[in-house]
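Working notes for the structure below.
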Amino acid sequence: MNVLFDLMIGFALNLTMGFIVVRFIYYTSNPKQQKYIFTFLSFNILIYFVSALLRDVQLSIGFGFGLLAVFSTLRYRTEQIPVKEMTYLFISMTLPFMNTLFMATRINFTELILVNLLVLVLLYIIEKRWGLPCEANKLIRYEKIELIKPEHYPQLLADLRQRTGLNIKRCEVDQVDFLRDTAQLTIYYDEPAETANYPHAVQNKPYEKATLHSRL
């Protein structure tokens, strides 16, 4: 009965931590990425019970980190997961291992709560980027191909700023399509944390180079 009590109180702490991280840290900064919430919480819950039930097995720690390594290498074939979402998935998988420590080590439950609070504070600070400038980037197609010349770089930046409304710091010419008189540019700009998910804000997405070559 005492074992069951430890298991459930640890589960309550782990679920609370997972919910706060996903709902109040991740979701508030990424409201358009609701499809990942189920994945984060499911991994968090299942891995907790797997690691907790193996607490009496001597290989439980090694097995747990092996399980973490396997999950961290997952690739979803239907859609490539962005780096930020992969990071939160890793956090969701790491929290259960941390929250089962009090059942297998000398750390007590109060100390574990303090560790969890420290993790929450650090994650919140990092997510909100307090004092940390963030340079966002975006791949775009640009039709004024005459402005990609080095001598027209100031005019290129001015035109991009005027048309996008973003404070673009610099840009790079990645590819040029002379058949269609277009160029592929990468623009870089400082993105405030509070506007990261505004509809006009630009989010990083992988570019399918093969698609471009097939059109040439």
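A note on labels: chains of the structure tokens are A, B, ... as shown, every chain counts residues from 1, and ligands are counted from 1 in their shown order.
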
Helix (DSSP H, G or I) residues, from DSSP on the backbone, in range 108-147 of chain A, as number ranges by chain: A: 109-128, 145-147

Selected residue, from A:Asn2, A:Asn167, A:Asn30, A:Gln155, that lies nearest to Asp190 in chain A when counting only C-alpha atoms: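 Ranking A:Asn2, A:Asn167, A:Asn30, A:Gln155 by distance to Asp190 in chain A, first place goes to A:Asn167.
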
Long-range neighbours of range 7-20 of chain A as a list of chain:residue names, 9 Å cut-off, only C-alpha atoms, 3 positions minimum in chain: A:Asn2, A:Val3, A:Leu4, A:Arg23, A:Phe24, A:Ile25, A:Tyr26, A:Phe40, A:Leu41, A:Asn44, A:Ile45, A:Tyr48, A:Phe49, A:Ala52, A:Leu53, A:Ile91, A:Ser92, A:Leu95, A:Pro96, A:Met98, A:Asn99, A:Thr100, A:Phe102, A:Met103, A:Phe109, A:Ile113, A:Asn116, A:Leu117, A:Leu120

Spatial neighbours of Arg170 in chain A, max dist 9 Å, only C-alpha atoms, sep filter under 2 positions, as a PyMOL selection string: chain A and resi 157+168+172+186-189

For Val21 in chain A, the nearest of the candidates A:Leu46, A:Val176, A:Leu54, A:Val119, counting only C-alpha atoms: A:Val119

Interatomic distance (Å, one decimal) between CA of Ile107 in chain A and CA of Met86 in chain A: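 Between CA of Ile107 in chain A and CA of Met86 in chain A the gap works out to 29.1 Å.
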
Between CA of Ala136 in chain A and CA of Gln34 in chain A, distance in Å (one decimal):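 Straight-line distance from CA of Ala136 in chain A to CA of Gln34 in chain A works out to 21.4 Å.
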
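For range 1-192 of chain A, the set of residues given strand (DSSP E or B) by DSSP on the backbone reads Glu135, Ala136, Asn137, Lys138, Leu139, Ile140, Arg141, Tyr142, Ile168, Lys169, Arg170, Cys171, Glu172, Val173, Asp174, Gln175, Val176, Asp177, Thr182, Ala183, Gln184, Leu185, Thr186, Ile187, Tyr188, Tyr189 and Asp190 of chain A.
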
For the residues in that selection, give me N, CA and C atoms as a tab-separated table (two decimals), in the first residue's frame.
```
chain	number	residue	atom	x	y	z
A	135	GLU	N	16.91	35.86	-33.13
A	135	GLU	CA	16.93	36.19	-34.55
A	135	GLU	C	16.20	35.11	-35.31
A	136	ALA	N	15.05	35.46	-35.85
A	136	ALA	CA	14.26	34.51	-36.63
A	136	ALA	C	14.68	34.59	-38.09
A	137	ASN	N	14.33	33.56	-38.85
A	137	ASN	CA	14.67	33.55	-40.27
A	137	ASN	C	13.54	32.89	-41.04
A	138	LYS	N	13.52	33.16	-42.33
A	138	LYS	CA	12.45	32.64	-43.18
A	138	LYS	C	12.95	32.56	-44.62
A	139	LEU	N	12.59	31.48	-45.30
A	139	LEU	CA	12.87	31.33	-46.72
A	139	LEU	C	11.71	31.92	-47.52
A	140	ILE	N	12.03	32.78	-48.47
A	140	ILE	CA	10.98	33.40	-49.28
A	140	ILE	C	11.40	33.38	-50.75
A	141	ARG	N	10.42	33.52	-51.62
A	141	ARG	CA	10.69	33.70	-53.05
A	141	ARG	C	10.50	35.18	-53.38
A	142	TYR	N	11.44	35.71	-54.13
A	142	TYR	CA	11.46	37.16	-54.40
A	142	TYR	C	11.52	37.36	-55.90
A	168	ILE	N	14.04	43.65	-40.85
A	168	ILE	CA	15.01	42.71	-41.40
A	168	ILE	C	16.43	43.25	-41.23
A	169	LYS	N	17.27	42.44	-40.63
A	169	LYS	CA	18.66	42.84	-40.37
A	169	LYS	C	19.57	42.54	-41.55
A	170	ARG	N	19.33	41.40	-42.17
A	170	ARG	CA	20.17	40.99	-43.30
A	170	ARG	C	19.41	39.93	-44.09
A	171	CYS	N	19.93	39.62	-45.26
A	171	CYS	CA	19.34	38.58	-46.09
A	171	CYS	C	20.43	37.93	-46.92
A	172	GLU	N	20.15	36.72	-47.34
A	172	GLU	CA	21.10	35.97	-48.16
A	172	GLU	C	20.38	35.43	-49.38
A	173	VAL	N	21.07	35.43	-50.51
A	173	VAL	CA	20.53	34.87	-51.75
A	173	VAL	C	20.96	33.41	-51.82
A	174	ASP	N	20.00	32.50	-51.74
A	174	ASP	CA	20.31	31.08	-51.74
A	174	ASP	C	20.34	30.49	-53.14
A	175	GLN	N	19.30	30.79	-53.92
A	175	GLN	CA	19.20	30.26	-55.28
A	175	GLN	C	18.56	31.29	-56.18
A	176	VAL	N	18.87	31.20	-57.47
A	176	VAL	CA	18.31	32.12	-58.46
A	176	VAL	C	17.72	31.29	-59.60
A	177	ASP	N	16.49	31.62	-59.97
A	177	ASP	CA	15.80	30.95	-61.08
A	177	ASP	C	15.63	31.98	-62.19
A	182	THR	N	12.98	34.75	-60.55
A	182	THR	CA	12.76	34.76	-59.10
A	182	THR	C	14.02	34.27	-58.40
A	183	ALA	N	14.11	34.60	-57.12
A	183	ALA	CA	15.24	34.18	-56.31
A	183	ALA	C	14.72	33.67	-54.97
A	184	GLN	N	15.46	32.74	-54.42
A	184	GLN	CA	15.14	32.24	-53.08
A	184	GLN	C	16.04	32.96	-52.09
A	185	LEU	N	15.43	33.68	-51.16
A	185	LEU	CA	16.17	34.46	-50.17
A	185	LEU	C	15.91	33.93	-48.77
A	186	THR	N	16.89	34.08	-47.91
A	186	THR	CA	16.71	33.84	-46.48
A	186	THR	C	16.82	35.17	-45.77
A	187	ILE	N	15.75	35.59	-45.12
A	187	ILE	CA	15.76	36.86	-44.41
A	187	ILE	C	15.93	36.60	-42.91
A	188	TYR	N	16.64	37.50	-42.24
A	188	TYR	CA	16.90	37.39	-40.80
A	188	TYR	C	16.41	38.67	-40.13
A	189	TYR	N	15.69	38.50	-39.04
A	189	TYR	CA	15.13	39.66	-38.34
A	189	TYR	C	14.99	39.32	-36.86
A	190	ASP	N	14.99	40.36	-36.03
A	190	ASP	CA	14.79	40.19	-34.59
A	190	ASP	C	13.31	40.04	-34.32
```
